[in-house]
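structure_32.txt follows (compact mmCIF, C-alpha atoms):
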# COMPACT_ATOMS: atom_id res chain seq x y z
CA MET A 1220 0.00 0.00 0.00
CA THR A 1221 1.33 3.44 -0.90
CA LYS A 1222 1.96 5.74 2.04
CA GLU A 1223 1.17 9.40 1.40
CA LEU A 1224 2.46 12.16 3.62
CA SER A 1225 0.07 14.90 4.60
CA ILE A 1226 1.52 17.70 2.49
CA GLU A 1227 -0.71 20.66 1.69
CA VAL A 1228 -0.98 22.44 -1.66
CA VAL A 1229 2.29 24.21 -2.50
CA HIS A 1230 1.73 27.56 -4.23
CA ARG A 1231 -0.86 27.04 -6.98
CA GLN A 1232 -0.26 23.38 -7.72
CA GLY A 1233 -0.77 20.18 -5.75
CA SER A 1234 2.49 18.46 -4.83
CA ARG A 1235 2.16 15.07 -3.17
CA ILE A 1236 4.95 13.09 -1.56
CA LEU A 1237 4.27 9.37 -1.89
CA GLY A 1238 6.15 6.40 -0.49
CA GLY A 1239 5.83 2.84 -1.75
CA SER A 1240 7.61 -0.46 -1.23
CA SER A 1241 7.34 -1.35 -4.93
CA LEU A 1242 7.53 0.49 -8.23
CA LYS A 1243 4.24 -1.22 -9.09
CA ASP A 1244 2.55 1.21 -6.68
CA LEU A 1245 2.95 3.81 -9.43
CA ALA A 1246 0.51 2.05 -11.78
CA PRO A 1247 -2.72 3.50 -10.34
CA LEU A 1248 -1.18 6.98 -10.37
CA LEU A 1249 -0.35 6.80 -14.08
CA SER A 1250 -2.93 4.49 -15.63
CA GLY A 1251 -5.59 7.18 -16.03
CA GLU A 1252 -3.29 9.63 -17.78
CA PRO A 1253 -3.94 10.22 -21.51
CA GLU A 1254 -0.26 10.82 -22.35
CA VAL A 1255 2.73 9.64 -20.31
CA TYR A 1256 6.31 10.41 -21.35
CA LEU A 1257 9.22 8.94 -19.43
CA VAL A 1258 12.52 10.81 -19.20
CA TYR A 1259 15.07 8.53 -17.57
CA ASP A 1260 18.75 8.32 -16.77
CA ARG A 1261 20.14 5.45 -18.86
CA ASN A 1262 21.97 4.21 -15.76
CA VAL A 1263 18.59 3.19 -14.28
CA ALA A 1264 16.94 1.91 -17.45
CA TRP A 1265 15.65 -1.08 -15.46
CA VAL A 1266 13.50 1.22 -13.32
CA ALA A 1267 12.07 2.88 -16.44
CA GLU A 1268 11.34 -0.54 -17.92
CA GLU A 1269 9.39 -1.63 -14.84
CA ILE A 1270 7.36 1.58 -14.85
CA ALA A 1271 6.77 1.37 -18.61
CA GLU A 1272 5.34 -2.13 -18.23
CA SER A 1273 2.70 -0.83 -15.82
CA VAL A 1274 1.50 2.04 -18.04
CA ARG A 1275 1.53 0.54 -21.52
CA GLY A 1276 -1.89 1.99 -22.39
CA SER A 1277 -0.84 5.56 -21.61
CA LEU A 1278 2.85 5.50 -22.52
CA LYS A 1279 3.71 7.54 -25.60
CA ALA A 1280 7.50 7.71 -25.53
CA CYS A 1281 10.60 6.97 -23.46
CA ILE A 1282 13.47 9.46 -23.59
CA GLY A 1283 16.81 8.21 -22.29
CA ILE A 1284 19.44 10.77 -21.30
CA GLU A 1285 23.08 10.79 -20.17
CA THR A 1286 23.75 12.62 -16.92
CA SER A 1287 26.72 14.51 -15.53
CA GLU A 1288 27.36 17.99 -14.17
CA GLU A 1289 28.89 18.91 -17.54
CA LEU A 1290 25.74 17.76 -19.37
CA LYS A 1291 23.41 19.54 -16.92
CA CYS A 1292 22.92 22.53 -19.21
CA MET A 1293 20.39 24.26 -21.45
CA ASP A 1294 21.36 22.11 -24.43
CA ALA A 1295 20.12 19.04 -22.54
CA VAL A 1296 16.84 20.77 -21.63
CA LEU A 1297 16.28 21.76 -25.26
CA SER A 1298 17.04 18.21 -26.39
CA VAL A 1299 14.25 16.87 -24.15
CA THR A 1300 11.78 19.49 -25.39
CA ARG A 1301 12.62 18.70 -29.02
CA GLN A 1302 12.00 15.01 -28.43
CA LEU A 1303 8.67 15.82 -26.79
CA LEU A 1304 7.73 17.91 -29.80
CA GLU A 1305 8.77 15.17 -32.23
CA ALA A 1306 6.72 12.64 -30.24
CA GLY A 1307 3.64 14.87 -30.47
CA ALA A 1308 3.32 15.67 -26.76
CA SER A 1309 0.35 17.94 -26.08
CA ARG A 1310 -0.36 20.20 -23.13
CA LYS A 1311 -2.22 17.28 -21.52
CA ALA A 1312 1.00 15.28 -21.25
CA LEU A 1313 2.51 14.10 -17.97
CA LEU A 1314 6.31 13.92 -18.01
CA VAL A 1315 7.76 11.43 -15.51
CA ALA A 1316 11.39 11.97 -14.51
CA ILE A 1317 13.24 8.79 -13.45
CA GLY A 1318 16.73 9.16 -12.08
CA GLY A 1319 18.80 11.30 -9.76
CA GLY A 1320 18.75 15.03 -9.17
CA ILE A 1321 20.21 15.90 -12.55
CA THR A 1322 17.44 13.99 -14.30
CA THR A 1323 14.65 15.50 -12.21
CA ASP A 1324 16.14 18.98 -12.70
CA LEU A 1325 16.41 18.61 -16.48
CA ALA A 1326 12.99 17.01 -16.92
CA GLY A 1327 11.28 19.45 -14.57
CA PHE A 1328 12.85 22.41 -16.35
CA ALA A 1329 11.84 21.01 -19.75
CA ALA A 1330 8.27 20.42 -18.53
CA SER A 1331 8.04 23.95 -17.14
CA ILE A 1332 8.84 25.59 -20.48
CA TYR A 1333 7.45 23.12 -23.06
CA LYS A 1334 4.29 24.66 -24.55
CA ARG A 1335 4.43 27.14 -21.64
CA GLY A 1336 4.24 24.34 -19.15
CA ILE A 1337 3.07 20.75 -18.87
CA ARG A 1338 2.72 18.58 -15.77
CA TYR A 1339 5.54 16.43 -14.51
CA ALA A 1340 6.22 13.93 -11.73
CA ASN A 1341 9.41 12.68 -10.11
CA VAL A 1342 10.54 9.13 -9.44
CA PRO A 1343 13.96 9.78 -7.83
CA THR A 1344 16.28 6.79 -7.77
CA THR A 1345 19.22 8.09 -5.72
CA LEU A 1346 19.27 8.82 -2.02
CA LEU A 1347 20.30 12.41 -2.66
CA SER A 1348 17.36 13.05 -4.99
CA GLN A 1349 14.87 11.24 -2.73
CA VAL A 1350 15.63 13.38 0.30
CA ASP A 1351 16.48 16.67 -1.43
CA ALA A 1352 16.86 17.32 -5.14
CA ALA A 1353 13.52 15.93 -6.33
CA ILE A 1354 11.47 17.72 -3.66
CA GLY A 1355 10.52 21.37 -3.74
CA GLY A 1356 10.08 22.20 -7.42
CA LYS A 1357 13.47 23.81 -8.05
CA ASN A 1358 14.67 22.92 -11.56
CA GLY A 1359 18.11 24.25 -12.39
CA VAL A 1360 20.91 23.80 -14.89
CA ASN A 1361 24.49 25.00 -14.80
CA LEU A 1362 25.90 27.97 -16.71
CA ASP A 1363 29.60 28.36 -17.51
CA GLY A 1364 30.57 26.05 -14.65
CA TYR A 1365 28.40 27.75 -12.04
CA LYS A 1366 25.76 25.60 -10.34
CA ASN A 1367 22.07 26.01 -11.14
CA MET A 1368 22.28 29.54 -12.54
CA LEU A 1369 19.30 28.96 -14.86
CA GLY A 1370 16.03 27.38 -13.87
CA THR A 1371 12.47 27.61 -12.66
CA ILE A 1372 10.44 26.82 -9.56
CA THR A 1373 7.61 24.58 -10.73
CA GLN A 1374 6.03 21.99 -8.45
CA PRO A 1375 5.64 18.36 -9.63
CA GLU A 1376 2.29 16.60 -9.56
CA PHE A 1377 3.87 14.14 -7.15
CA THR A 1378 7.20 12.71 -6.03
CA PHE A 1379 7.31 8.95 -5.48
CA LEU A 1380 9.84 7.56 -2.99
CA CYS A 1381 10.87 3.91 -3.00
CA ALA A 1382 13.97 2.52 -1.28
CA ARG A 1383 14.35 -0.39 -3.71
CA PRO A 1384 16.41 1.42 -6.40
CA LEU A 1385 18.91 2.46 -3.73
CA LYS A 1386 20.33 -1.07 -3.45
CA THR A 1387 21.96 -0.69 -6.88
CA LEU A 1388 23.74 2.60 -6.07
CA PRO A 1389 27.54 2.60 -5.87
CA PRO A 1390 28.56 3.16 -2.21
CA ARG A 1391 30.05 6.57 -2.94
CA GLU A 1392 26.85 7.80 -4.57
CA PHE A 1393 24.81 6.43 -1.67
CA ARG A 1394 26.96 8.41 0.78
CA CYS A 1395 26.39 11.51 -1.35
CA GLY A 1396 22.72 11.24 -0.41
CA VAL A 1397 23.55 10.58 3.22
CA ALA A 1398 25.08 14.08 3.37
CA GLU A 1399 21.81 15.68 2.23
CA MET A 1400 19.75 13.53 4.59
CA LEU A 1401 21.88 14.55 7.57
CA LYS A 1402 21.68 18.19 6.46
CA THR A 1403 17.89 18.03 6.46
CA PHE A 1404 17.75 16.53 9.94
CA LEU A 1405 20.26 19.09 11.24
CA LEU A 1406 17.74 21.75 10.26
CA ALA A 1407 14.74 20.47 12.15
CA ASP A 1408 14.96 17.05 13.84
CA ALA A 1409 17.80 16.20 16.22
CA ASP A 1410 16.34 12.78 17.02
CA ALA A 1411 16.12 11.80 13.33
CA TYR A 1412 19.69 13.06 12.85
CA ALA A 1413 20.96 10.76 15.62
CA ALA A 1414 18.92 7.84 14.26
CA ALA A 1415 20.32 8.35 10.77
CA VAL A 1416 23.92 8.43 12.02
CA ARG A 1417 23.33 5.16 13.87
CA LEU A 1418 21.61 3.45 10.93
CA LEU A 1419 23.94 4.69 8.21
CA SER A 1420 27.28 4.22 9.94
CA THR A 1421 29.86 2.49 7.78
CA LYS A 1422 29.21 -0.92 9.34
CA ASN A 1423 25.56 -0.76 8.24
CA ALA A 1424 25.64 1.56 5.23
CA GLN A 1425 23.54 0.60 2.22
CA ASN A 1426 22.21 -2.67 3.65
CA VAL A 1427 18.94 -1.69 1.95
CA ASP A 1428 17.37 -5.13 2.20
CA GLY A 1429 18.18 -5.50 5.88
CA GLN A 1430 17.09 -2.02 6.94
CA SER A 1431 14.54 -1.07 4.28
CA GLY A 1432 11.79 -0.30 6.81
CA GLU A 1433 13.93 2.04 8.90
CA LEU A 1434 15.48 3.60 5.81
CA GLN A 1435 12.06 4.18 4.24
CA GLU A 1436 10.91 5.97 7.40
CA LEU A 1437 13.98 8.20 7.31
CA LEU A 1438 13.35 8.96 3.63
CA LEU A 1439 9.79 9.97 4.35
CA ARG A 1440 10.76 12.05 7.38
CA ALA A 1441 13.41 13.95 5.40
CA ALA A 1442 10.91 14.51 2.59
CA GLU A 1443 8.31 15.70 5.08
CA ILE A 1444 10.70 18.27 6.54
CA LYS A 1445 11.76 19.66 3.18
CA ALA A 1446 8.25 19.69 1.73
CA GLY A 1447 7.01 21.55 4.81
CA VAL A 1448 9.67 24.22 4.37
CA VAL A 1449 8.83 24.55 0.68
CA GLN A 1450 5.13 24.82 1.43
CA ARG A 1451 5.75 27.72 3.81
CA ASP A 1452 8.25 29.48 1.53
CA PRO A 1453 7.98 28.25 -2.09
CA PHE A 1454 10.11 31.03 -3.63
CA GLU A 1455 12.91 31.23 -1.04
CA GLN A 1456 11.94 34.56 0.45
CA GLY A 1457 12.82 33.45 3.97
CA GLU A 1458 12.78 30.03 5.64
CA ARG A 1459 13.59 28.02 2.51
CA ALA A 1460 17.06 29.54 2.45
CA LYS A 1461 17.87 27.34 5.46
CA LEU A 1462 17.93 24.37 3.11
CA ASN A 1463 21.22 25.80 1.83
CA LEU A 1464 23.07 24.66 4.95
CA GLY A 1465 26.53 23.63 3.73
CA HIS A 1466 25.76 24.59 0.14
CA THR A 1467 27.40 28.02 -0.05
CA PHE A 1468 30.74 26.48 0.86
CA GLY A 1469 29.84 23.28 -1.00
CA HIS A 1470 29.10 24.90 -4.35
CA ALA A 1471 32.37 26.84 -4.12
CA ILE A 1472 34.25 23.60 -3.41
CA GLU A 1473 32.60 21.92 -6.40
CA HIS A 1474 33.51 24.88 -8.63
CA GLU A 1475 37.15 24.83 -7.53
CA ALA A 1476 37.30 21.06 -8.05
CA ARG A 1477 35.98 21.38 -11.61
CA LEU A 1478 38.56 24.06 -12.41
CA ARG A 1479 41.31 21.73 -11.20
CA GLY A 1480 39.86 18.60 -12.81
CA GLU A 1481 39.51 16.97 -9.40
CA ASP A 1482 36.82 14.51 -8.39
CA ILE A 1483 34.60 15.83 -5.59
CA ASN A 1484 30.90 15.07 -5.89
CA HIS A 1485 28.00 17.17 -4.62
CA GLY A 1486 27.34 15.26 -1.43
CA GLU A 1487 31.02 15.25 -0.47
CA ALA A 1488 31.21 19.01 -1.07
CA VAL A 1489 28.06 19.60 1.00
CA ALA A 1490 29.40 17.44 3.83
CA ILE A 1491 32.60 19.49 3.95
CA GLY A 1492 30.50 22.66 3.65
CA ILE A 1493 28.42 21.69 6.69
CA ILE A 1494 31.61 21.17 8.72
CA LEU A 1495 32.89 24.60 7.58
CA ALA A 1496 29.55 26.12 8.60
CA ALA A 1497 29.82 24.41 12.00
CA GLU A 1498 33.36 25.76 12.44
CA MET A 1499 32.09 29.24 11.58
CA SER A 1500 29.25 28.75 14.07
CA ASP A 1501 31.77 27.87 16.80
CA ARG A 1502 33.87 30.94 15.93
CA GLU A 1503 30.79 33.19 16.00
CA GLY A 1504 29.89 31.90 19.46
CA LEU A 1505 26.64 30.35 18.26
CA SER A 1506 27.74 26.86 19.25
CA ASN A 1507 30.41 25.24 21.37
CA GLY A 1508 32.33 22.24 20.06
CA LEU A 1509 29.69 21.45 17.45
CA ALA A 1510 32.20 21.11 14.60
CA ALA A 1511 34.07 18.35 16.44
CA ARG A 1512 30.86 16.43 17.11
CA LEU A 1513 29.69 16.68 13.50
CA LYS A 1514 33.11 15.63 12.24
CA ALA A 1515 32.91 12.45 14.33
CA ASP A 1516 29.38 11.73 13.09
CA PHE A 1517 30.25 12.37 9.44
CA ASN A 1518 33.36 10.22 9.66
CA ALA A 1519 31.20 7.43 11.12
CA VAL A 1520 29.00 7.41 8.01
CA GLY A 1521 31.97 7.66 5.63
CA LEU A 1522 31.72 11.32 4.66
CA PRO A 1523 34.72 13.63 4.18
CA THR A 1524 35.20 16.48 6.64
CA GLU A 1525 38.42 18.24 5.61
CA CYS A 1526 38.35 21.04 3.04
CA PRO A 1527 40.97 20.41 0.33
CA TYR A 1528 41.28 24.11 -0.57
CA PRO A 1529 42.18 27.25 1.40
CA LEU A 1530 39.10 29.34 2.18
CA ASP A 1531 40.58 32.32 0.31
CA MET A 1532 40.39 30.26 -2.90
CA LEU A 1533 36.65 29.72 -2.38
CA LYS A 1534 35.74 33.39 -1.94
CA ALA A 1535 35.55 34.24 -5.65
CA ALA A 1536 33.06 31.45 -6.29
CA MET A 1537 31.04 32.33 -3.17
CA ALA A 1538 30.83 35.95 -4.38
CA LYS A 1539 29.02 34.66 -7.48
CA ASP A 1540 26.65 32.53 -5.43
CA LYS A 1541 22.93 33.18 -6.06
CA LYS A 1542 22.59 34.23 -2.43
CA ALA A 1543 25.40 36.83 -2.56
CA ALA A 1544 24.55 40.54 -2.62
CA GLY A 1545 26.47 43.72 -1.85
CA GLY A 1546 29.68 41.90 -1.04
CA LYS A 1547 27.92 39.81 1.61
CA VAL A 1548 26.85 36.19 1.61
CA LYS A 1549 24.03 34.66 3.64
CA PHE A 1550 25.36 31.65 5.48
CA ILE A 1551 23.23 29.12 7.31
CA LEU A 1552 24.86 28.48 10.69
CA LEU A 1553 24.05 26.05 13.50
CA ARG A 1554 23.30 26.48 17.16
CA ARG A 1555 22.82 22.74 17.67
CA PRO A 1556 21.35 19.79 15.70
CA GLY A 1557 17.78 20.77 14.92
CA GLU A 1558 18.32 24.55 15.16
CA VAL A 1559 19.91 26.82 12.55
CA ILE A 1560 19.99 30.55 11.85
CA MET A 1561 20.76 32.72 8.83
CA LYS A 1562 23.62 35.22 9.10
CA GLU A 1563 25.07 37.65 6.57
CA VAL A 1564 28.85 37.62 6.44
CA SER A 1565 31.16 39.92 4.48
CA LEU A 1566 33.63 38.09 2.26

Exercise: express the given structure as structure tokens:
Amino acid sequence: MTKELSIEVVHRQGSRILGGSSLKDLAPLLSGEPEVYLVYDRNVAWVAEEIAESVRGSLKACIGIETSEELKCMDAVLSVTRQLLEAGASRKALLVAIGGGITTDLAGFAASIYKRGIRYANVPTTLLSQVDAAIGGKNGVNLDGYKNMLGTITQPEFTFLCARPLKTLPPREFRCGVAEMLKTFLLADADAYAAAVRLLSTKNAQNVDGQSGELQELLLRAAEIKAGVVQRDPFEQGERAKLNLGHTFGHAIEHEARLRGEDINHGEAVAIGIILAAEMSDREGLSNGLAARLKADFNAVGLPTECPYPLDMLKAAMAKDKKAAGGKVKFILLRRPGEVIMKEVSL
């Protein structure tokens, strides 16, 4: 049976968060649709195939895409829209994005501009996308190496969460999602944060079959927290900015890594960014010894905690951050797990 969280209407569109133990739970959600188009990451073609089998009567086309930060750009969005046009997609179409955060970003962006907007839904298949990227309606692509400089905020019809695809993730990619899950719990739920650290420590990490029930509950709790924030502040005029905990530093780390041709993924950069934010919180007197505690927790779940670049090298990228204005950057800092504040800091 599909479990639905009690999420209210976000802005002008309904946005449901659904959790199911099987991909087959999607069938009743899609079977009544006149036109279904699947946009999927080719790395999870097996998920798209299972979903396609359940909606044969409504399925019009499957669009496979390659995903990487370099390919997360307007050219990829336009490619999806061209394929929709060639397939004859009308304004009644429902576009279903199947994959990680890059896939849901690209497909959601394409849906928001194709014929001035068609409906879309997300079936995230990575831990990072299930707890963060696929929830909230932000659809962004990169511009000239800078993260998510172009995009829209358009809510999906629904986001469907299922732990089963997570068992096929490479361990490093799974840990990438762990960083975003811990970030979400640091914002609003100290108990869930502690539970996640215990469950996802390196001795237990990614034992999806053995801990699927507990993991599913954590997925749904993280989704509930983020969806609640989005509901209260859909266009990031206030509270939603708290979701950027670790991301101001993290995006700058990612940018520096790309310039150097070094391999640091988003979750790793965010994990390091959260530690840097905790160190700043300690320096500002907002917390006492928090950075050391978070370092121990993050090490326990296999996340990096040491910044590979001097902070001075990150300032140029942070100055171009979407949240920067007048030479100041809004950082999200921590008082303790479950409580954060926003503070403007001059670079």

With distances taken over all atoms listed in the file, the candidate from A:Leu1380, A:Val1263, A:Pro1375, A:Ser1277 nearest Asp1244 (chain A) is A:Leu1380

One decimal place gives the CA of Glu1473 (chain A)-CA of Glu1525 (chain A) separation as 13.8 Å

task: Show which residues sit within 10 Å of Ala1497 (chain A), as a list in words. Count all atoms listed in the file, and ignore same-chain residues fewer than 4 positions away.
output: Leu1464, Gly1465, Ile1491, Gly1492, Ile1493, Asp1501, Arg1502, Glu1503, Leu1505, Ser1506, Asn1507, Gly1508, Leu1509, Ala1510, Ala1511, Arg1512, Leu1513, Lys1514, Ile1551, Leu1552, Leu1553, Arg1554 and Arg1555 of chain A

Between A:Val1255, A:Asp1294, A:Leu1522, A:Glu1289, smallest distance to Gly1276 (chain A) by all atoms listed in the file belongs to A:Val1255

**Q.** Spatial neighbours of Thr1344 (chain A), max dist 9 Å, all atoms listed in the file, sep filter under 3 positions, as a PyMOL selection string
**A.** chain A and resi 1263+1266+1317-1320+1347-1349+1380-1385+1388

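Shortest separation to Val1296 (chain A) among A:Gly1521, A:Gly1469, A:Pro1453, A:Gly1359 occurs at residue A:Gly1359, atoms counted being only C-alpha atoms.
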
Computed gap from CA of Val1342 (chain A) to CA of Ala1267 (chain A) is 9.5 Å

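CA of Ile1236 (chain A) sits 6.2 Å away from CA of Phe1379 (chain A).
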
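Closest to Arg1394 (chain A) among A:Glu1487, A:Asp1516, A:Asp1408, A:Glu1558 is A:Glu1487, based on only C-alpha atoms.
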
In terms of all atoms listed in the file, the residue from A:His1470, A:Arg1479, A:Lys1334, A:Arg1440 at minimal distance from Met1400 (chain A) is A:Arg1440

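Of the listed residues (A:Phe1377, A:Ala1326, A:Leu1297, A:Pro1389), A:Ala1326 comes nearest to Asn1358 (chain A); the distances count all atoms listed in the file.
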
| task | Determine, counting all atoms listed in the file, every residue of protein, DNA or RNA that lies within 12 Å of (21.5, 31.5, -14.0) in the file coordinates, then give the result as number ranges by chain. | result | A: 1292-1293, 1358-1371, 1539-1542

Q.
Within 12 Å of (18.6, 16.9, 14.8) (file coordinates; only C-alpha atoms), which protein or nucleic acid residues are there? I'd like them as a PyMOL selection string.
A. chain A and resi 1400-1416+1440-1441+1444+1513+1553-1559

Centre, edges in Å (one decimal): axis-aligned box, region 1391-1407 of chain A, 5 Å padding on all six sides, as lines of an AutoDock Vina configuration file:
center_x = 22.4
center_y = 14.1
center_z = 3.8
size_x = 25.3
size_y = 25.3
size_z = 26.7

| message | Just want the 12 Å neighbourhood of Ala1295 (chain A), counted on all atoms listed in the file, with same-chain residues fewer than 3 positions away dropped. Output as number ranges by chain. | response | A: 1258, 1282-1292, 1298-1302, 1321-1322, 1324-1329, 1359-1361

Please list as a PDB file with C-alpha atoms, in the frame of the given file every residue within 8 Å of Leu1314 (chain A), counting only C-alpha atoms and excluding residues in the same chain fewer than 5 positions away.
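The file below, part_16.pdb, is the result:
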ATOM      1  CA  VAL A1255       2.730   9.640 -20.310  1.00  0.00           C
ATOM      2  CA  TYR A1256       6.310  10.410 -21.350  1.00  0.00           C
ATOM      3  CA  LEU A1257       9.220   8.940 -19.430  1.00  0.00           C
ATOM      4  CA  VAL A1258      12.520  10.810 -19.200  1.00  0.00           C
ATOM      5  CA  ALA A1326      12.990  17.010 -16.920  1.00  0.00           C
ATOM      6  CA  ALA A1330       8.270  20.420 -18.530  1.00  0.00           C
ATOM      7  CA  ILE A1337       3.070  20.750 -18.870  1.00  0.00           C
ATOM      8  CA  ARG A1338       2.720  18.580 -15.770  1.00  0.00           C
ATOM      9  CA  TYR A1339       5.540  16.430 -14.510  1.00  0.00           C
ATOM     10  CA  ALA A1340       6.220  13.930 -11.730  1.00  0.00           C
TER      11      ALA A1340
END
